[in-house]
>>> print(open('run12.cif').read())   # mmCIF, C-alpha atoms
data_my_file
#
loop_
_atom_site.group_PDB
_atom_site.id
_atom_site.type_symbol
_atom_site.label_atom_id
_atom_site.label_comp_id
_atom_site.auth_asym_id
_atom_site.auth_seq_id
_atom_site.Cartn_x
_atom_site.Cartn_y
_atom_site.Cartn_z
ATOM 1 C CA MET A 1 0.000 0.000 0.000
ATOM 2 C CA SER A 2 1.343 3.412 -0.895
ATOM 3 C CA ASP A 3 2.147 6.038 1.704
ATOM 4 C CA SER A 4 -0.581 8.365 0.474
ATOM 5 C CA LYS A 5 -3.226 5.650 0.946
ATOM 6 C CA LYS A 6 -1.921 4.908 4.455
ATOM 7 C CA HIS A 7 -2.105 8.594 5.343
ATOM 8 C CA ALA A 8 -5.626 8.825 3.940
ATOM 9 C CA LEU A 9 -6.759 5.851 6.041
ATOM 10 C CA LEU A 10 -5.162 7.293 9.168
ATOM 11 C CA ASP A 11 -6.731 10.701 8.523
ATOM 12 C CA SER A 12 -10.204 9.193 8.078
ATOM 13 C CA ALA A 13 -9.810 7.137 11.282
ATOM 14 C CA ASN A 14 -8.678 10.227 13.208
ATOM 15 C CA SER A 15 -11.542 12.348 11.877
ATOM 16 C CA SER A 16 -14.127 9.708 12.858
ATOM 17 C CA ASP A 17 -12.583 9.580 16.355
ATOM 18 C CA ASN A 18 -12.781 13.378 16.529
ATOM 19 C CA ASN A 19 -16.432 13.296 15.436
ATOM 20 C CA LYS A 20 -17.275 10.715 18.088
ATOM 21 C CA GLU A 21 -15.535 12.795 20.739
ATOM 22 C CA ARG A 22 -17.374 15.964 19.657
ATOM 23 C CA LYS A 23 -20.729 14.152 19.756
ATOM 24 C CA ARG A 24 -19.947 12.754 23.219
ATOM 25 C CA GLN A 25 -19.016 16.209 24.543
ATOM 26 C CA LYS A 26 -22.115 17.763 22.998
ATOM 27 C CA LYS A 27 -24.339 15.131 24.629
ATOM 28 C CA GLN A 28 -22.685 15.740 28.010
ATOM 29 C CA ASN A 29 -23.232 19.502 27.688
ATOM 30 C CA GLN A 30 -26.917 19.018 26.829
ATOM 31 C CA ASN A 31 -27.471 17.037 30.034
ATOM 32 C CA LYS A 32 -25.996 19.748 32.267
ATOM 33 C CA ILE A 33 -28.342 22.115 34.098
ATOM 34 C CA GLU A 34 -26.659 25.231 35.307
ATOM 35 C CA LYS A 35 -27.800 26.207 38.776
ATOM 36 C CA PRO A 36 -27.170 29.634 40.267
ATOM 37 C CA ALA A 37 -24.761 29.897 43.176
ATOM 38 C CA ASP A 38 -27.231 31.485 45.604
ATOM 39 C CA PRO A 39 -30.735 29.942 45.657
ATOM 40 C CA THR A 40 -32.087 32.785 47.833
ATOM 41 C CA ASP A 41 -31.253 35.326 45.132
ATOM 42 C CA PRO A 42 -34.511 36.637 43.540
ATOM 43 C CA GLU A 43 -32.895 36.409 40.086
ATOM 44 C CA THR A 44 -32.371 32.651 40.336
ATOM 45 C CA VAL A 45 -33.571 30.592 37.421
ATOM 46 C CA TYR A 46 -34.555 27.479 39.390
ATOM 47 C CA TYR A 47 -35.877 26.883 42.872
ATOM 48 C CA GLU A 48 -37.007 23.735 44.638
ATOM 49 C CA SER A 49 -40.459 23.207 46.075
ATOM 50 C CA ASP A 50 -41.979 19.915 47.255
ATOM 51 C CA GLY A 51 -38.911 18.090 45.948
ATOM 52 C CA LEU A 52 -39.420 19.460 42.429
ATOM 53 C CA GLN A 53 -37.298 21.917 40.528
ATOM 54 C CA ARG A 54 -39.387 24.893 39.403
ATOM 55 C CA ILE A 55 -38.842 28.214 37.649
ATOM 56 C CA HIS A 56 -40.187 31.645 38.461
ATOM 57 C CA PRO A 57 -42.867 33.051 36.114
ATOM 58 C CA TYR A 58 -41.530 35.170 33.279
ATOM 59 C CA PHE A 59 -42.783 36.994 30.209
ATOM 60 C CA HIS A 60 -41.886 35.938 26.693
ATOM 61 C CA ASN A 61 -43.214 37.250 23.391
ATOM 62 C CA PHE A 62 -43.758 34.362 21.016
ATOM 63 C CA ALA A 63 -43.904 35.247 17.338
ATOM 64 C CA THR A 64 -45.140 32.878 14.658
ATOM 65 C CA TYR A 65 -46.603 32.943 11.181
ATOM 66 C CA ALA A 66 -50.332 33.054 10.469
ATOM 67 C CA LYS A 67 -52.338 32.572 7.314
ATOM 68 C CA GLY A 68 -54.078 35.642 5.945
ATOM 69 C CA ARG A 69 -57.514 34.121 6.399
ATOM 70 C CA TRP A 70 -56.844 33.786 10.152
ATOM 71 C CA VAL A 71 -56.369 37.523 10.685
ATOM 72 C CA GLY A 72 -59.144 39.027 12.775
ATOM 73 C CA ARG A 73 -60.420 35.627 14.006
ATOM 74 C CA THR A 74 -60.137 34.324 17.546
ATOM 75 C CA ILE A 75 -57.920 31.379 18.407
ATOM 76 C CA TYR A 76 -61.009 29.315 19.159
ATOM 77 C CA GLU A 77 -62.487 30.034 15.703
ATOM 78 C CA VAL A 78 -59.263 29.145 13.919
ATOM 79 C CA PHE A 79 -58.798 25.882 15.793
ATOM 80 C CA SER A 80 -62.437 24.807 15.546
ATOM 81 C CA LYS A 81 -62.669 25.525 11.801
ATOM 82 C CA GLU A 82 -59.163 24.678 10.570
ATOM 83 C CA PHE A 83 -58.309 21.678 12.734
ATOM 84 C CA ARG A 84 -61.604 19.812 12.907
ATOM 85 C CA ASP A 85 -59.952 16.406 12.607
ATOM 86 C CA ARG A 86 -58.194 16.885 15.972
ATOM 87 C CA PRO A 87 -60.276 16.939 19.160
#
>>> encode(input="run12.cif", output="structure tokens")
Amino acid sequence: MSDSKKHALLDSANSSDNNKERKRQKKQNQNKIEKPADPTDPETVYYESDGLQRIHPYFHNFATYAKGRWVGRTIYEVFSKEFRDRP
């Protein structure tokens, strides 16, 4: 086998090892939950109550797309007319 083929095989093996390592690190990072240092701080993200982890209420504007025919109709009207096949 020529040297260039050997190098190509080694490079592909190293890149697959690197990909596996990156995927493993990404999975580990997704499972981490960052907790604030001081749970009595009013700005904390999580707090515990009855053995459950909870969050404080917050406001969030959610923007989405709507069809032109839905403009001016209530949510109830849209859902009852457009999505009749779902209870």
>>> atom_distance(input="run12.cif", atom1="atom CA of Ser80 of chain A", atom2="atom CA of Tyr65 of chain A")
18.3 Å
>>> atom_distance(input="run12.cif", atom1="atom CA of Asp85 of chain A", atom2="atom CA of Ala66 of chain A")
19.3 Å
>>> atom_distance(input="run12.cif", atom1="atom CA of Lys27 of chain A", atom2="atom CA of Thr64 of chain A")
29.1 Å
>>> residues_around(input="run12.cif", residues="His56 of chain A", least_positions_apart="2", cutoff="7 Å", atoms="only C-alpha atoms", output="PyMOL selection string")
chain A and resi 45+54+58
